[in-house]
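Text of work-v7.cif (mmCIF, C-alpha atoms and all ligand atoms) as supplied:
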```cif
data_input
loop_
_atom_site.label_atom_id
_atom_site.label_comp_id
_atom_site.auth_asym_id
_atom_site.auth_seq_id
_atom_site.Cartn_x
_atom_site.Cartn_y
_atom_site.Cartn_z
CA MET A 1 129.24 14.75 -89.85
CA LYS A 2 131.36 17.13 -91.84
CA THR A 3 130.21 19.90 -94.16
CA ILE A 4 132.41 21.50 -96.78
CA SER A 5 131.33 24.35 -99.02
CA ILE A 6 133.31 25.18 -102.12
CA ASP A 7 133.12 27.97 -104.69
CA SER A 8 134.81 26.29 -107.60
CA LEU A 9 135.79 22.98 -109.12
CA SER A 10 139.42 23.65 -108.20
CA GLU A 11 138.55 23.04 -104.54
CA LEU A 12 137.26 19.54 -105.21
CA PRO A 13 140.54 17.82 -104.18
CA GLU A 14 139.87 19.01 -100.61
CA VAL A 15 136.48 17.34 -100.69
CA ALA A 16 138.03 14.16 -102.08
CA ASP A 17 140.54 14.24 -99.21
CA ALA A 18 137.74 14.60 -96.67
CA VAL A 19 135.77 11.69 -98.14
CA VAL A 20 138.81 9.41 -98.16
CA GLY A 21 139.66 10.55 -94.63
CA ALA A 22 136.15 9.74 -93.44
CA LEU A 23 136.18 6.16 -94.75
CA GLU A 24 137.75 4.65 -91.64
CA GLY A 25 137.50 1.15 -93.05
CA ARG A 26 134.11 1.59 -94.68
CA THR A 27 134.02 0.49 -98.28
CA VAL A 28 130.63 1.62 -99.60
CA VAL A 29 130.11 5.32 -100.28
CA ALA A 30 126.68 6.58 -101.38
CA PHE A 31 126.64 9.86 -103.33
CA CYS A 32 123.29 11.66 -103.12
CA GLY A 33 122.47 14.73 -105.15
CA ALA A 34 120.38 15.95 -108.03
CA MET A 35 121.25 15.29 -111.63
CA GLY A 36 124.32 17.33 -112.49
CA ALA A 37 125.13 18.06 -108.84
CA GLY A 38 128.64 16.69 -109.29
CA LYS A 39 128.62 13.06 -108.15
CA THR A 40 130.68 11.75 -111.07
CA THR A 41 133.00 14.75 -110.88
CA LEU A 42 133.67 14.12 -107.17
CA ILE A 43 134.25 10.42 -107.80
CA SER A 44 136.80 11.40 -110.42
CA ALA A 45 138.58 13.60 -107.84
CA ILE A 46 138.51 10.71 -105.35
CA MET A 47 140.12 8.36 -107.88
CA GLU A 48 142.84 10.93 -108.50
CA ARG A 49 143.34 11.20 -104.76
CA LEU A 50 143.78 7.40 -104.69
CA GLY A 51 146.50 7.65 -107.30
CA SER A 52 144.45 6.22 -110.14
CA HIS A 53 145.29 6.91 -113.75
CA ASP A 54 141.93 5.63 -114.97
CA THR A 55 139.39 7.83 -116.67
CA VAL A 56 136.21 8.12 -114.63
CA THR A 57 133.04 8.13 -116.70
CA SER A 58 129.42 7.61 -115.85
CA PRO A 59 128.78 3.86 -115.99
CA THR A 60 125.39 4.50 -117.55
CA PHE A 61 125.15 1.47 -119.77
CA ALA A 62 127.16 -1.02 -117.75
CA ILE A 63 125.85 0.23 -114.36
CA VAL A 64 129.29 -0.54 -112.93
CA ASN A 65 132.80 0.52 -113.94
CA GLN A 66 135.97 -0.88 -112.48
CA TYR A 67 139.03 1.26 -111.83
CA ARG A 68 142.36 0.66 -110.11
CA THR A 69 143.98 2.78 -107.46
CA GLY A 70 147.65 3.69 -107.76
CA GLU A 71 148.32 0.59 -105.66
CA GLN A 72 146.27 -1.53 -108.07
CA ARG A 73 143.37 -2.04 -105.67
CA PRO A 74 140.06 -2.41 -107.52
CA VAL A 75 137.41 0.28 -107.06
CA TYR A 76 133.85 -0.10 -108.32
CA HIS A 77 131.79 2.84 -109.55
CA PHE A 78 128.04 2.29 -109.78
CA ASP A 79 125.38 4.47 -111.35
CA PHE A 80 121.94 3.10 -110.53
CA TYR A 81 120.05 5.92 -112.24
CA ARG A 82 118.73 3.68 -114.98
CA ILE A 83 117.75 0.82 -112.75
CA ASP A 84 113.99 0.24 -112.46
CA SER A 85 113.91 -2.29 -109.66
CA VAL A 86 116.08 -3.63 -106.89
CA ALA A 87 115.93 -7.00 -108.68
CA GLU A 88 118.19 -5.59 -111.39
CA ALA A 89 120.84 -4.92 -108.77
CA PHE A 90 120.59 -8.53 -107.64
CA ASP A 91 120.98 -9.67 -111.25
CA LEU A 92 124.10 -7.56 -111.45
CA GLY A 93 125.45 -9.38 -108.39
CA TYR A 94 125.75 -6.22 -106.32
CA GLU A 95 126.52 -8.22 -103.14
CA GLU A 96 129.77 -9.50 -104.58
CA TYR A 97 130.87 -5.90 -104.94
CA PHE A 98 129.39 -4.33 -101.81
CA TYR A 99 130.75 -7.07 -99.54
CA SER A 100 134.04 -7.63 -101.38
CA GLY A 101 135.99 -5.30 -99.12
CA ASP A 102 136.89 -3.23 -102.19
CA LEU A 103 135.81 0.39 -102.37
CA CYS A 104 132.37 0.89 -103.98
CA LEU A 105 131.36 4.41 -105.04
CA VAL A 106 127.64 4.57 -105.68
CA GLU A 107 125.65 7.18 -107.62
CA TRP A 108 121.86 7.22 -107.25
CA PRO A 109 121.86 5.01 -104.12
CA GLU A 110 118.20 6.05 -103.68
CA LYS A 111 117.35 3.60 -106.46
CA VAL A 112 118.60 0.65 -104.42
CA GLU A 113 118.13 2.06 -100.95
CA PRO A 114 117.32 -1.23 -99.18
CA LEU A 115 120.59 -2.70 -100.49
CA ILE A 116 122.91 0.02 -99.20
CA PRO A 117 124.71 -1.29 -96.09
CA ASP A 118 123.77 0.56 -92.87
CA GLU A 119 127.37 1.49 -92.24
CA ALA A 120 127.87 3.08 -95.68
CA LEU A 121 129.37 6.55 -95.78
CA VAL A 122 126.87 9.03 -97.23
CA VAL A 123 128.00 12.09 -99.19
CA ARG A 124 125.28 14.62 -99.99
CA ILE A 125 125.86 17.25 -102.64
CA GLU A 126 123.81 20.44 -102.80
CA VAL A 127 124.03 22.88 -105.69
CA LEU A 128 124.28 26.43 -104.39
CA GLY A 129 125.26 28.16 -107.61
CA GLU A 130 126.92 27.55 -110.96
CA SER A 131 130.11 26.28 -109.37
CA GLU A 132 129.26 26.48 -105.66
CA ARG A 133 128.52 23.23 -103.92
CA ARG A 134 127.92 22.09 -100.36
CA PHE A 135 129.07 18.58 -99.43
CA THR A 136 127.90 16.80 -96.32
CA ILE A 137 129.80 13.69 -95.29
CA ASP A 138 127.96 11.52 -92.83
N1 LIG B 1 132.13 22.69 -107.47
C1 LIG B 1 131.75 21.75 -108.32
N2 LIG B 1 131.76 20.45 -107.95
C2 LIG B 1 131.36 19.51 -108.82
N3 LIG B 1 130.93 19.76 -110.08
C3 LIG B 1 130.90 21.02 -110.49
C4 LIG B 1 131.30 22.05 -109.63
N4 LIG B 1 131.16 23.20 -110.28
C5 LIG B 1 130.70 22.89 -111.49
N5 LIG B 1 130.55 21.59 -111.64
C6 LIG B 1 130.06 20.98 -112.87
O1 LIG B 1 128.83 20.36 -112.61
C7 LIG B 1 128.69 19.22 -113.45
C8 LIG B 1 128.46 18.00 -112.60
O2 LIG B 1 128.27 16.91 -113.46
P1 LIG B 1 128.37 15.41 -112.96
O3 LIG B 1 128.27 14.55 -114.16
O4 LIG B 1 129.53 15.23 -112.05
O5 LIG B 1 127.03 15.31 -112.09
P2 LIG B 1 126.31 14.02 -111.54
O6 LIG B 1 125.82 14.39 -110.17
O7 LIG B 1 127.18 12.84 -111.65
O8 LIG B 1 125.06 13.88 -112.51
P3 LIG B 1 124.19 12.60 -112.88
O9 LIG B 1 123.11 12.50 -111.85
O10 LIG B 1 123.64 12.94 -114.22
O11 LIG B 1 125.08 11.40 -112.89
C9 LIG B 1 129.98 19.10 -114.26
O12 LIG B 1 129.76 19.70 -115.52
C10 LIG B 1 130.96 19.89 -113.44
O13 LIG B 1 131.99 20.46 -114.22
MG MG B 2 126.97 11.01 -112.59
#
```

Write out the structure in this file as structure tokens.
Ligand SMILES: Nc1ncnc2c1ncn2[C@@H]1O[C@H](COP(=O)(O)OP(=O)(O)OP(=O)(O)O)[C@@H](O)[C@H]1O
Ligand SMILES: [Mg+2]
Amino acid sequence: MKTISIDSLSELPEVADAVVGALEGRTVVAFCGAMGAGKTTLISAIMERLGSHDTVTSPTFAIVNQYRTGEQRPVYHFDFYRIDSVAEAFDLGYEEYFYSGDLCLVEWPEKVEPLIPDEALVVRIEVLGESERRFTID
């Protein structure tokens, strides 16, 4: 487990580095934290760290966005906030993504908890102040 506290958005690249460094072959990353904690913002920093030129936005309507790393590897970004039942994740074909071997970055994993692989990396974000955040990588 690793904990990183930051005082401003400008320190987010360090957190992105730590998350990528902690992957060790894992491909599903669950981002837990309250609304507005900074899940999407961290995912954006991670995509930059992976050399992506894609714009990271909340996949609210589509549930899943696809990006490419600098090396053209696909990355999937999920936001399950609007999902009402696990069945909707099945309809979306979540297994094809989670077990594809491609990186899957998941916001609101709590909504589909039984579907998150046991070995997933979990990143918890706590809001300490306006721009202060504590990240726990587990
Ligand atoms: N240190 C920080 N790390 C991350 N975000 C920060 C930080 N300081 C301020 N912010 C701001 O907090 C907000 C986080 O919004 P963001 O959309 O990333 O949250 P979210 O967790 O994805 O929310 P949601 O649950 O609605 O998807 C942004 O406006 C961002 O600029
Ligand atoms: Mg978000």

Contacts of Ala62 (chain A) at 9 Å (only C-alpha atoms; same-chain gap of 3+ positions) as an NGL selection string: :A and (59 or 65 or 78-79)

Store the residues picked out above, limited to C-alpha atoms, as a compact mmCIF listing (two decimals), keeping the file's coordinate frame.
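Result written to part.txt:
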```
# COMPACT_ATOMS: atom_id res chain seq x y z
CA PRO A 59 128.78 3.86 -115.99
CA ASN A 65 132.80 0.52 -113.94
CA PHE A 78 128.04 2.29 -109.78
CA ASP A 79 125.38 4.47 -111.35
```

Long-range neighbours of Arg134 (chain A) as an mmCIF file with C-alpha atoms, in the coordinates of the input, 9 Å cut-off, only C-alpha atoms, 2 positions minimum in chain:
```
data_model
loop_
_atom_site.group_PDB
_atom_site.id
_atom_site.type_symbol
_atom_site.label_atom_id
_atom_site.label_comp_id
_atom_site.auth_asym_id
_atom_site.auth_seq_id
_atom_site.Cartn_x
_atom_site.Cartn_y
_atom_site.Cartn_z
ATOM 1 C CA THR A 3 130.210 19.900 -94.160
ATOM 2 C CA ILE A 4 132.410 21.500 -96.780
ATOM 3 C CA SER A 5 131.330 24.350 -99.020
ATOM 4 C CA ILE A 6 133.310 25.180 -102.120
ATOM 5 C CA ASP A 7 133.120 27.970 -104.690
ATOM 6 C CA ARG A 124 125.280 14.620 -99.990
ATOM 7 C CA ILE A 125 125.860 17.250 -102.640
ATOM 8 C CA GLU A 126 123.810 20.440 -102.800
ATOM 9 C CA VAL A 127 124.030 22.880 -105.690
ATOM 10 C CA LEU A 128 124.280 26.430 -104.390
ATOM 11 C CA GLU A 132 129.260 26.480 -105.660
ATOM 12 C CA THR A 136 127.900 16.800 -96.320
#
```

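Atom to atom, CA of Ala37 (chain A) and CA of Leu9 (chain A) stand 11.7 Å apart.
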
Cut-off 7 Å, only C-alpha atoms and all ligand atoms, neighbours of ligand LIG 1 (chain B) as a ChimeraX atom specification: /A:6-9,12,33-42,58,107,130-133

Convert the current residue selection to file output with C-alpha atoms, as a PDB file, in the frame of the given file.
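Printed below is selection14.pdb as written:
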```pdb
ATOM      1  CA  ILE A   6     133.310  25.180-102.120  1.00  0.00           C
ATOM      2  CA  ASP A   7     133.120  27.970-104.690  1.00  0.00           C
ATOM      3  CA  SER A   8     134.810  26.290-107.600  1.00  0.00           C
ATOM      4  CA  LEU A   9     135.790  22.980-109.120  1.00  0.00           C
ATOM      5  CA  LEU A  12     137.260  19.540-105.210  1.00  0.00           C
ATOM      6  CA  GLY A  33     122.470  14.730-105.150  1.00  0.00           C
ATOM      7  CA  ALA A  34     120.380  15.950-108.030  1.00  0.00           C
ATOM      8  CA  MET A  35     121.250  15.290-111.630  1.00  0.00           C
ATOM      9  CA  GLY A  36     124.320  17.330-112.490  1.00  0.00           C
ATOM     10  CA  ALA A  37     125.130  18.060-108.840  1.00  0.00           C
ATOM     11  CA  GLY A  38     128.640  16.690-109.290  1.00  0.00           C
ATOM     12  CA  LYS A  39     128.620  13.060-108.150  1.00  0.00           C
ATOM     13  CA  THR A  40     130.680  11.750-111.070  1.00  0.00           C
ATOM     14  CA  THR A  41     133.000  14.750-110.880  1.00  0.00           C
ATOM     15  CA  LEU A  42     133.670  14.120-107.170  1.00  0.00           C
ATOM     16  CA  SER A  58     129.420   7.610-115.850  1.00  0.00           C
ATOM     17  CA  GLU A 107     125.650   7.180-107.620  1.00  0.00           C
ATOM     18  CA  GLU A 130     126.920  27.550-110.960  1.00  0.00           C
ATOM     19  CA  SER A 131     130.110  26.280-109.370  1.00  0.00           C
ATOM     20  CA  GLU A 132     129.260  26.480-105.660  1.00  0.00           C
ATOM     21  CA  ARG A 133     128.520  23.230-103.920  1.00  0.00           C
TER      22      ARG A 133
END
```

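Every protein or nucleic acid residue with an atom no more than 10 Å from Asp54 (chain A), counting only C-alpha atoms and leaving out same-chain residues fewer than 5 positions away, appears here: A:Ser44, A:Met47, A:Glu48, A:Gln66, A:Tyr67, A:Arg68, A:Thr69, A:Gly70.
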